[in-house]
$ cat target_21.cif   # mmCIF, C-alpha atoms
data_work
#
loop_
_atom_site.group_PDB
_atom_site.id
_atom_site.type_symbol
_atom_site.label_atom_id
_atom_site.label_comp_id
_atom_site.auth_asym_id
_atom_site.auth_seq_id
_atom_site.Cartn_x
_atom_site.Cartn_y
_atom_site.Cartn_z
ATOM 1 C CA MET A 1 0.000 0.000 0.000
ATOM 2 C CA THR A 2 1.311 3.453 -0.865
ATOM 3 C CA TYR A 3 2.135 6.014 1.813
ATOM 4 C CA ARG A 4 -0.716 8.260 0.694
ATOM 5 C CA ARG A 5 -3.323 5.504 0.825
ATOM 6 C CA LEU A 6 -2.061 4.269 4.171
ATOM 7 C CA LYS A 7 -2.149 7.770 5.664
ATOM 8 C CA LYS A 8 -5.685 8.248 4.357
ATOM 9 C CA GLN A 9 -6.765 4.935 5.891
ATOM 10 C CA ILE A 10 -5.202 5.677 9.275
ATOM 11 C CA THR A 11 -6.588 9.220 9.328
ATOM 12 C CA SER A 12 -10.059 7.904 8.541
ATOM 13 C CA LEU A 13 -9.817 5.342 11.338
ATOM 14 C CA LEU A 14 -8.770 7.967 13.872
ATOM 15 C CA GLN A 15 -11.468 10.386 12.731
ATOM 16 C CA THR A 16 -14.444 8.044 12.602
ATOM 17 C CA GLN A 17 -13.695 5.589 15.396
ATOM 18 C CA GLY A 18 -12.531 5.835 18.969
ATOM 19 C CA LEU A 19 -9.072 4.576 19.789
ATOM 20 C CA ASP A 20 -10.440 1.389 21.299
ATOM 21 C CA GLN A 21 -11.940 0.555 17.907
ATOM 22 C CA SER A 22 -9.216 1.927 15.615
ATOM 23 C CA LEU A 23 -6.060 0.728 17.399
ATOM 24 C CA PRO A 24 -6.629 -2.997 16.789
ATOM 25 C CA THR A 25 -6.843 -2.287 13.053
ATOM 26 C CA ILE A 26 -3.839 0.048 13.046
ATOM 27 C CA THR A 27 -1.663 -2.402 14.982
ATOM 28 C CA GLN A 28 -2.425 -5.110 12.435
ATOM 29 C CA LEU A 29 -0.796 -2.997 9.732
ATOM 30 C CA PRO A 30 2.973 -3.346 9.161
ATOM 31 C CA ALA A 31 4.555 -1.241 11.908
ATOM 32 C CA ARG A 32 7.413 0.047 9.776
ATOM 33 C CA GLN A 33 4.916 1.374 7.232
ATOM 34 C CA THR A 34 2.514 2.965 9.705
ATOM 35 C CA ILE A 35 5.130 4.993 11.590
ATOM 36 C CA SER A 36 5.580 7.745 8.974
ATOM 37 C CA PRO A 37 1.840 8.334 8.415
ATOM 38 C CA LEU A 38 1.287 8.449 12.171
ATOM 39 C CA PHE A 39 4.181 10.868 12.658
ATOM 40 C CA SER A 40 2.704 13.152 9.997
ATOM 41 C CA LEU A 41 -0.580 13.263 11.932
ATOM 42 C CA LEU A 42 1.210 15.001 14.801
ATOM 43 C CA TYR A 43 0.786 18.074 12.574
ATOM 44 C CA HIS A 44 -2.903 17.477 11.816
ATOM 45 C CA GLY A 45 -5.221 20.452 12.058
ATOM 46 C CA GLN A 46 -7.636 18.731 14.441
ATOM 47 C CA ASN A 47 -6.496 18.554 18.048
ATOM 48 C CA ALA A 48 -8.295 15.251 18.655
ATOM 49 C CA ILE A 49 -6.568 13.596 15.689
ATOM 50 C CA ARG A 50 -3.144 14.778 16.855
ATOM 51 C CA TRP A 51 -3.668 13.291 20.313
ATOM 52 C CA ARG A 52 -5.045 10.038 18.960
ATOM 53 C CA ALA A 53 -1.941 9.825 16.781
ATOM 54 C CA VAL A 54 0.198 10.246 19.915
ATOM 55 C CA SER A 55 -1.579 7.310 21.562
ATOM 56 C CA ALA A 56 -1.303 5.179 18.435
ATOM 57 C CA ILE A 57 2.398 5.962 18.037
ATOM 58 C CA GLY A 58 3.018 4.812 21.585
ATOM 59 C CA VAL A 59 1.391 1.449 20.992
ATOM 60 C CA VAL A 60 2.895 0.873 17.534
ATOM 61 C CA VAL A 61 6.469 1.805 18.484
ATOM 62 C CA ALA A 62 6.272 -0.255 21.686
ATOM 63 C CA GLN A 63 5.219 -3.285 19.655
ATOM 64 C CA LEU A 64 7.987 -2.567 17.157
ATOM 65 C CA ALA A 65 10.498 -2.387 20.031
ATOM 66 C CA ASP A 66 9.627 -5.950 21.031
ATOM 67 C CA GLN A 67 10.231 -7.159 17.464
ATOM 68 C CA ASP A 68 13.043 -4.876 16.312
ATOM 69 C CA PRO A 69 14.606 -2.737 19.063
ATOM 70 C CA ALA A 70 16.949 -0.989 16.631
ATOM 71 C CA ALA A 71 14.029 0.184 14.483
ATOM 72 C CA ALA A 72 12.215 1.501 17.551
ATOM 73 C CA ARG A 73 15.299 3.462 18.566
ATOM 74 C CA VAL A 74 15.360 4.989 15.099
ATOM 75 C CA CYS A 75 11.814 6.216 15.773
ATOM 76 C CA MET A 76 12.900 7.799 19.048
ATOM 77 C CA ARG A 77 15.887 9.464 17.405
ATOM 78 C CA ARG A 78 13.616 10.738 14.650
ATOM 79 C CA LEU A 79 11.382 12.439 17.221
ATOM 80 C CA MET A 80 14.455 13.887 18.916
ATOM 81 C CA TRP A 81 15.744 15.185 15.585
ATOM 82 C CA HIS A 82 12.509 17.132 15.047
ATOM 83 C CA LEU A 83 13.245 18.947 18.336
ATOM 84 C CA ASN A 84 16.738 19.858 17.179
ATOM 85 C CA ASP A 85 17.271 23.355 15.766
ATOM 86 C CA GLU A 86 19.213 21.833 12.900
ATOM 87 C CA SER A 87 16.114 19.968 11.699
ATOM 88 C CA GLY A 88 14.577 23.198 10.433
ATOM 89 C CA GLY A 89 11.211 22.231 11.911
ATOM 90 C CA ILE A 90 9.360 22.841 15.139
ATOM 91 C CA GLY A 91 8.724 19.318 16.376
ATOM 92 C CA TRP A 92 5.036 19.623 17.198
ATOM 93 C CA GLY A 93 3.908 16.548 19.103
ATOM 94 C CA SER A 94 7.362 15.009 19.362
ATOM 95 C CA PRO A 95 7.708 15.296 23.164
ATOM 96 C CA GLU A 96 4.222 13.880 23.655
ATOM 97 C CA ALA A 97 4.968 10.962 21.337
ATOM 98 C CA MET A 98 8.221 10.261 23.178
ATOM 99 C CA GLY A 99 6.412 10.275 26.514
ATOM 100 C CA GLU A 100 3.705 7.938 25.275
ATOM 101 C CA ILE A 101 6.230 5.509 23.801
ATOM 102 C CA MET A 102 8.179 5.422 27.062
ATOM 103 C CA ALA A 103 5.010 4.938 29.067
ATOM 104 C CA GLN A 104 4.279 1.929 26.886
ATOM 105 C CA HIS A 105 7.774 0.377 26.827
ATOM 106 C CA LYS A 106 10.061 -0.004 29.840
ATOM 107 C CA VAL A 107 13.352 -0.520 27.982
ATOM 108 C CA LEU A 108 12.909 2.557 25.803
ATOM 109 C CA ALA A 109 11.896 4.511 28.897
ATOM 110 C CA GLU A 110 15.082 3.575 30.685
ATOM 111 C CA GLU A 111 17.148 4.618 27.674
ATOM 112 C CA TYR A 112 15.484 7.925 26.826
ATOM 113 C CA ALA A 113 13.893 9.331 30.005
ATOM 114 C CA GLY A 114 16.984 11.420 30.719
ATOM 115 C CA ILE A 115 16.748 13.070 27.319
ATOM 116 C CA LEU A 116 13.110 13.956 27.928
ATOM 117 C CA VAL A 117 14.028 15.565 31.252
ATOM 118 C CA SER A 118 16.840 17.500 29.564
ATOM 119 C CA TYR A 119 14.323 19.429 27.467
ATOM 120 C CA LEU A 120 13.396 21.394 30.625
ATOM 121 C CA ALA A 121 16.966 21.871 31.853
ATOM 122 C CA PRO A 122 18.609 25.247 31.141
ATOM 123 C CA TRP A 123 21.969 23.428 31.082
ATOM 124 C CA GLY A 124 20.595 20.679 28.835
ATOM 125 C CA ASN A 125 18.487 20.686 25.685
ATOM 126 C CA TYR A 126 16.076 23.367 26.923
ATOM 127 C CA LEU A 127 13.140 24.046 24.611
ATOM 128 C CA GLU A 128 12.077 27.680 24.587
ATOM 129 C CA HIS A 129 8.810 27.414 22.658
ATOM 130 C CA GLU A 130 5.857 27.349 25.046
ATOM 131 C CA VAL A 131 3.876 24.772 23.065
ATOM 132 C CA LEU A 132 6.865 22.418 23.111
ATOM 133 C CA GLN A 133 7.269 23.035 26.839
ATOM 134 C CA GLN A 134 3.645 22.019 27.300
ATOM 135 C CA GLY A 135 4.422 18.849 25.368
ATOM 136 C CA VAL A 136 7.412 18.014 27.550
ATOM 137 C CA LEU A 137 5.435 18.602 30.749
ATOM 138 C CA TRP A 138 2.647 16.361 29.484
ATOM 139 C CA ALA A 139 5.192 13.690 28.508
ATOM 140 C CA LEU A 140 6.832 13.843 31.945
ATOM 141 C CA ALA A 141 3.428 13.429 33.551
ATOM 142 C CA ARG A 142 2.576 10.513 31.280
ATOM 143 C CA LEU A 143 5.870 8.773 31.977
ATOM 144 C CA GLY A 144 5.894 9.735 35.646
ATOM 145 C CA HIS A 145 2.483 8.261 36.344
ATOM 146 C CA CYS A 146 3.736 4.942 34.906
ATOM 147 C CA ARG A 147 7.422 4.900 35.866
ATOM 148 C CA PRO A 148 7.951 7.625 38.498
ATOM 149 C CA GLN A 149 11.497 6.647 39.388
ATOM 150 C CA LEU A 150 12.668 7.614 35.893
ATOM 151 C CA VAL A 151 11.527 11.231 36.116
ATOM 152 C CA GLN A 152 12.756 12.072 39.621
ATOM 153 C CA PRO A 153 15.483 14.403 38.241
ATOM 154 C CA ALA A 154 12.756 16.592 36.717
ATOM 155 C CA GLY A 155 11.445 17.669 40.126
ATOM 156 C CA PRO A 156 13.601 20.807 40.568
ATOM 157 C CA LEU A 157 12.987 21.791 36.939
ATOM 158 C CA LEU A 158 9.236 22.157 37.421
ATOM 159 C CA ALA A 159 9.410 25.212 39.706
ATOM 160 C CA PRO A 160 9.563 27.901 36.982
ATOM 161 C CA PHE A 161 6.582 26.378 35.203
ATOM 162 C CA LEU A 162 4.474 26.316 38.353
ATOM 163 C CA LYS A 163 4.879 30.121 38.409
ATOM 164 C CA SER A 164 4.304 30.651 34.694
ATOM 165 C CA SER A 165 1.849 33.237 33.362
ATOM 166 C CA SER A 166 0.422 30.441 31.169
ATOM 167 C CA ALA A 167 -2.400 28.443 32.745
ATOM 168 C CA ALA A 168 -1.509 25.472 30.541
ATOM 169 C CA LEU A 169 2.080 25.439 31.779
ATOM 170 C CA ARG A 170 1.018 25.843 35.413
ATOM 171 C CA GLY A 171 -1.593 23.107 35.131
ATOM 172 C CA LEU A 172 0.637 20.637 33.313
ATOM 173 C CA ALA A 173 3.539 21.312 35.683
ATOM 174 C CA ALA A 174 1.270 20.666 38.657
ATOM 175 C CA TRP A 175 -0.047 17.477 37.046
ATOM 176 C CA ALA A 176 3.499 16.321 36.275
ATOM 177 C CA SER A 177 4.590 16.982 39.863
ATOM 178 C CA GLY A 178 2.247 14.382 41.343
ATOM 179 C CA PRO A 179 4.565 11.368 41.059
ATOM 180 C CA ILE A 180 7.698 13.348 42.003
ATOM 181 C CA LEU A 181 6.543 16.121 44.330
ATOM 182 C CA THR A 182 9.437 17.291 46.482
ATOM 183 C CA PRO A 183 9.279 19.205 49.799
ATOM 184 C CA GLU A 184 10.608 22.243 47.947
ATOM 185 C CA LEU A 185 7.840 22.138 45.336
ATOM 186 C CA LYS A 186 4.986 21.313 47.674
ATOM 187 C CA PRO A 187 4.310 24.892 48.897
ATOM 188 C CA GLU A 188 4.210 26.147 45.308
ATOM 189 C CA VAL A 189 1.761 23.434 44.294
ATOM 190 C CA GLU A 190 -0.366 24.214 47.339
ATOM 191 C CA VAL A 191 -0.657 27.834 46.174
ATOM 192 C CA LEU A 192 -2.040 26.593 42.859
ATOM 193 C CA GLY A 193 -4.836 24.854 44.755
ATOM 194 C CA ARG A 194 -6.634 28.213 44.562
ATOM 195 C CA ASP A 195 -6.014 28.728 40.843
ATOM 196 C CA GLY A 196 -9.265 28.446 38.915
ATOM 197 C CA SER A 197 -7.691 29.024 35.487
ATOM 198 C CA LYS A 198 -8.561 26.323 32.950
ATOM 199 C CA PHE A 199 -6.394 24.286 30.605
ATOM 200 C CA THR A 200 -6.954 21.296 28.343
ATOM 201 C CA LEU A 201 -5.616 17.933 29.453
ATOM 202 C CA TYR A 202 -5.419 14.790 27.339
ATOM 203 C CA TRP A 203 -5.509 11.796 29.658
ATOM 204 C CA ASP A 204 -6.828 8.249 29.459
ATOM 205 C CA ARG A 205 -7.273 8.909 25.740
ATOM 206 C CA HIS A 206 -9.762 11.735 26.273
ATOM 207 C CA LEU A 207 -9.486 15.515 26.045
ATOM 208 C CA ARG A 208 -10.896 17.300 29.067
ATOM 209 C CA SER A 209 -11.043 20.844 30.408
ATOM 210 C CA ARG A 210 -9.489 21.052 33.861
ATOM 211 C CA THR A 211 -8.564 23.803 36.290
ATOM 212 C CA VAL A 212 -5.053 24.361 37.549
ATOM 213 C CA ALA A 213 -6.471 23.879 41.051
ATOM 214 C CA TRP A 214 -7.746 20.433 40.084
ATOM 215 C CA ALA A 215 -4.273 19.409 38.871
ATOM 216 C CA ALA A 216 -2.637 20.789 42.011
ATOM 217 C CA GLU A 217 -5.071 19.021 44.319
ATOM 218 C CA ALA A 218 -4.580 15.762 42.417
ATOM 219 C CA ALA A 219 -0.799 16.092 42.756
ATOM 220 C CA LEU A 220 -1.003 16.788 46.484
ATOM 221 C CA LYS A 221 -3.325 13.831 46.971
ATOM 222 C CA GLN A 222 -0.949 11.538 45.111
ATOM 223 C CA HIS A 223 1.946 12.864 47.191
ATOM 224 C CA SER A 224 0.043 12.156 50.417
ATOM 225 C CA GLU A 225 -0.716 8.614 49.301
ATOM 226 C CA ARG A 226 2.949 8.002 48.514
ATOM 227 C CA ILE A 227 3.920 9.178 51.990
ATOM 228 C CA ARG A 228 1.215 7.027 53.549
ATOM 229 C CA VAL A 229 2.423 3.831 51.883
ATOM 230 C CA GLY A 230 6.035 4.872 52.398
ATOM 231 C CA SER A 231 7.209 4.345 48.843
ATOM 232 C CA ILE A 232 7.032 5.536 45.267
ATOM 233 C CA PRO A 233 4.311 3.751 43.263
ATOM 234 C CA SER A 234 5.595 0.736 41.386
ATOM 235 C CA GLN A 235 5.747 0.546 37.612
#

$ encode --input "target_21.cif" --output "structure tokens"
Amino acid sequence: MTYRRLKKQITSLLQTQGLDQSLPTITQLPARQTISPLFSLLYHGQNAIRWRAVSAIGVVVAQLADQDPAAARVCMRRLMWHLNDESGGIGWGSPEAMGEIMAQHKVLAEEYAGILVSYLAPWGNYLEHEVLQQGVLWALARLGHCRPQLVQPAGPLLAPFLKSSSAALRGLAAWASGPILTPELKPEVEVLGRDGSKFTLYWDRHLRSRTVAWAAEAALKQHSERIRVGSIPSQ
């Protein structure tokens, strides 16, 4: 099947069916052939299609990693390249796709989590574009809620985003802090418990409007539960 026909088929599946219905069909297609069409949908004009593509990429690349680890690493490096200034592009959706892949596959997570964290580090591969920062924060939350031990170094890097003028950055930073909330960050998250500003959160394969206060309260609750059980949640 040609690239154009395959992209049209995948786009139609993601537009007309929910992920629970479309993913079984997409994962039956040859993984190597579906990657490029799915990557292109990270630039789709419809927000819902872009996020569904993120979810599909996570599943497809994780399956590919079990069959051909080298090919899966090529996919990760391709996403990283799109976030590199030398690529000439912007890299829309690349952090989110990386986070979803790592949430789906432990080995890839262990290899690439540090790079994801580095996108928030001023001394690392800091991304200055706000939309990309939102993507990294979402990816850290996605990975952190599955494999919290891998994103612990991101804790100190969340502070500037908790104070951002952008509600989306504040909300996503608060949401990402849940699995890794430190004593230093806790007071700042508590302040956001009074922040009624709204942002859009994609979670459990659904887009929802949430308040920053909701994200902060959820993070504090998760932190309290971790303290109560005396450990970080398992993978």

$ atom_distance --input "target_21.cif" --atom1 "CA of His129 (chain A)" --atom2 "CA of Lys7 (chain A)"
28.2 Å

$ residues_around --input "target_21.cif" --residues "region 211-226 of chain A" --least-positions-apart "3" --cutoff "8 Å" --atoms "all atoms listed in the file" --output "ChimeraX atom specification"
/A:167-168,170-172,174-181,186,189-190,192-199,229-233

$ residues_around --input "target_21.cif" --residues "region 45-47 of chain A" --least-positions-apart "2" --cutoff "12 Å" --atoms "only C-alpha atoms" --output "number ranges by chain"
A: 11, 14-15, 40-43, 49-54, 92-93, 200-202, 206-208

$ resolve_selection --input "target_21.cif" --expression "the PyMOL selection byres ((chain A and resi 120) around 9)" --output "list in words"
Leu116, Val117, Ser118, Tyr119, Ala121, Pro122, Trp123, Gly124, Asn125, Tyr126, Leu127, Glu128, Gln133, Val136, Leu137, Ala154, Leu157 and Leu158 of chain A

$ residues_around --input "target_21.cif" --residues "Met80 (chain A)" --least-positions-apart "2" --cutoff "10 Å" --atoms "only C-alpha atoms" --output "count of residues only"
16

$ atom_distance --input "target_21.cif" --atom1 "CA of Gly114 (chain A)" --atom2 "CA of Ala62 (chain A)"
18.2 Å

$ build_atoms --input "target_21.cif" --residues "region 62-97 of chain A" --atoms "N, CA and C atoms" --output "mmCIF file, keeping the file's coordinate frame"
data_model
loop_
_atom_site.group_PDB
_atom_site.id
_atom_site.type_symbol
_atom_site.label_atom_id
_atom_site.label_comp_id
_atom_site.auth_asym_id
_atom_site.auth_seq_id
_atom_site.Cartn_x
_atom_site.Cartn_y
_atom_site.Cartn_z
ATOM 1 N N ALA A 62 6.000 0.720 20.619
ATOM 2 C CA ALA A 62 6.272 -0.255 21.686
ATOM 3 C C ALA A 62 6.234 -1.675 21.138
ATOM 4 N N GLN A 63 5.273 -1.966 20.279
ATOM 5 C CA GLN A 63 5.219 -3.285 19.655
ATOM 6 C C GLN A 63 6.433 -3.507 18.762
ATOM 7 N N LEU A 64 6.812 -2.464 18.016
ATOM 8 C CA LEU A 64 7.987 -2.567 17.157
ATOM 9 C C LEU A 64 9.239 -2.832 17.989
ATOM 10 N N ALA A 65 9.327 -2.211 19.169
ATOM 11 C CA ALA A 65 10.498 -2.387 20.031
ATOM 12 C C ALA A 65 10.660 -3.833 20.470
ATOM 13 N N ASP A 66 9.547 -4.538 20.654
ATOM 14 C CA ASP A 66 9.627 -5.950 21.031
ATOM 15 C C ASP A 66 10.131 -6.814 19.881
ATOM 16 N N GLN A 67 9.845 -6.384 18.643
ATOM 17 C CA GLN A 67 10.231 -7.159 17.464
ATOM 18 C C GLN A 67 11.592 -6.738 16.910
ATOM 19 N N ASP A 68 11.828 -5.428 16.919
ATOM 20 C CA ASP A 68 13.043 -4.876 16.312
ATOM 21 C C ASP A 68 13.478 -3.652 17.119
ATOM 22 N N PRO A 69 14.216 -3.859 18.200
ATOM 23 C CA PRO A 69 14.606 -2.737 19.063
ATOM 24 C C PRO A 69 15.349 -1.637 18.321
ATOM 25 N N ALA A 70 16.184 -1.996 17.366
ATOM 26 C CA ALA A 70 16.949 -0.989 16.631
ATOM 27 C C ALA A 70 16.017 -0.069 15.850
ATOM 28 N N ALA A 71 14.980 -0.631 15.246
ATOM 29 C CA ALA A 71 14.029 0.184 14.483
ATOM 30 C C ALA A 71 13.250 1.121 15.400
ATOM 31 N N ALA A 72 12.925 0.648 16.592
ATOM 32 C CA ALA A 72 12.215 1.501 17.551
ATOM 33 C C ALA A 72 13.108 2.655 18.004
ATOM 34 N N ARG A 73 14.382 2.387 18.169
ATOM 35 C CA ARG A 73 15.299 3.462 18.566
ATOM 36 C C ARG A 73 15.431 4.494 17.456
ATOM 37 N N VAL A 74 15.349 4.046 16.221
ATOM 38 C CA VAL A 74 15.360 4.989 15.099
ATOM 39 C C VAL A 74 14.159 5.928 15.201
ATOM 40 N N CYS A 75 13.011 5.389 15.589
ATOM 41 C CA CYS A 75 11.814 6.216 15.773
ATOM 42 C C CYS A 75 12.029 7.258 16.864
ATOM 43 N N MET A 76 12.629 6.852 17.964
ATOM 44 C CA MET A 76 12.900 7.799 19.048
ATOM 45 C C MET A 76 13.880 8.880 18.588
ATOM 46 N N ARG A 77 14.916 8.479 17.879
ATOM 47 C CA ARG A 77 15.887 9.464 17.405
ATOM 48 C C ARG A 77 15.259 10.407 16.380
ATOM 49 N N ARG A 78 14.319 9.894 15.624
ATOM 50 C CA ARG A 78 13.616 10.738 14.650
ATOM 51 C C ARG A 78 12.806 11.823 15.359
ATOM 52 N N LEU A 79 12.134 11.454 16.441
ATOM 53 C CA LEU A 79 11.382 12.439 17.221
ATOM 54 C C LEU A 79 12.333 13.460 17.847
ATOM 55 N N MET A 80 13.459 12.988 18.344
ATOM 56 C CA MET A 80 14.455 13.887 18.916
ATOM 57 C C MET A 80 15.004 14.842 17.865
ATOM 58 N N TRP A 81 15.211 14.343 16.669
ATOM 59 C CA TRP A 81 15.744 15.185 15.585
ATOM 60 C C TRP A 81 14.791 16.340 15.287
ATOM 61 N N HIS A 82 13.488 16.074 15.318
ATOM 62 C CA HIS A 82 12.509 17.132 15.047
ATOM 63 C C HIS A 82 12.558 18.234 16.098
ATOM 64 N N LEU A 83 13.115 17.944 17.278
ATOM 65 C CA LEU A 83 13.245 18.947 18.336
ATOM 66 C C LEU A 83 14.599 19.644 18.305
ATOM 67 N N ASN A 84 15.411 19.274 17.335
ATOM 68 C CA ASN A 84 16.738 19.858 17.179
ATOM 69 C C ASN A 84 16.650 21.063 16.243
ATOM 70 N N ASP A 85 17.285 22.158 16.608
ATOM 71 C CA ASP A 85 17.271 23.355 15.766
ATOM 72 C C ASP A 85 17.736 23.067 14.346
ATOM 73 N N GLU A 86 18.657 22.130 14.210
ATOM 74 C CA GLU A 86 19.213 21.833 12.900
ATOM 75 C C GLU A 86 18.203 21.160 11.976
ATOM 76 N N SER A 87 17.105 20.655 12.535
ATOM 77 C CA SER A 87 16.114 19.968 11.699
ATOM 78 C C SER A 87 15.357 20.936 10.810
ATOM 79 N N GLY A 88 15.315 22.213 11.211
ATOM 80 C CA GLY A 88 14.577 23.198 10.433
ATOM 81 C C GLY A 88 13.090 23.188 10.695
ATOM 82 N N GLY A 89 12.629 22.313 11.578
ATOM 83 C CA GLY A 89 11.211 22.231 11.911
ATOM 84 C C GLY A 89 10.963 22.677 13.334
ATOM 85 N N ILE A 90 9.738 22.452 13.789
ATOM 86 C CA ILE A 90 9.360 22.841 15.139
ATOM 87 C C ILE A 90 9.268 21.630 16.064
ATOM 88 N N GLY A 91 8.814 20.519 15.544
ATOM 89 C CA GLY A 91 8.724 19.318 16.376
ATOM 90 C C GLY A 91 7.419 19.187 17.126
ATOM 91 N N TRP A 92 6.338 19.746 16.538
ATOM 92 C CA TRP A 92 5.036 19.623 17.198
ATOM 93 C C TRP A 92 4.731 18.158 17.511
ATOM 94 N N GLY A 93 4.332 17.885 18.724
ATOM 95 C CA GLY A 93 3.908 16.548 19.103
ATOM 96 C C GLY A 93 5.022 15.574 19.417
ATOM 97 N N SER A 94 6.260 15.952 19.126
ATOM 98 C CA SER A 94 7.362 15.009 19.362
ATOM 99 C C SER A 94 7.572 14.680 20.836
ATOM 100 N N PRO A 95 7.553 15.667 21.751
ATOM 101 C CA PRO A 95 7.708 15.296 23.164
ATOM 102 C C PRO A 95 6.583 14.390 23.649
ATOM 103 N N GLU A 96 5.359 14.700 23.233
ATOM 104 C CA GLU A 96 4.222 13.880 23.655
ATOM 105 C C GLU A 96 4.367 12.445 23.150
ATOM 106 N N ALA A 97 4.786 12.302 21.888
ATOM 107 C CA ALA A 97 4.968 10.962 21.337
ATOM 108 C C ALA A 97 6.067 10.210 22.081
#
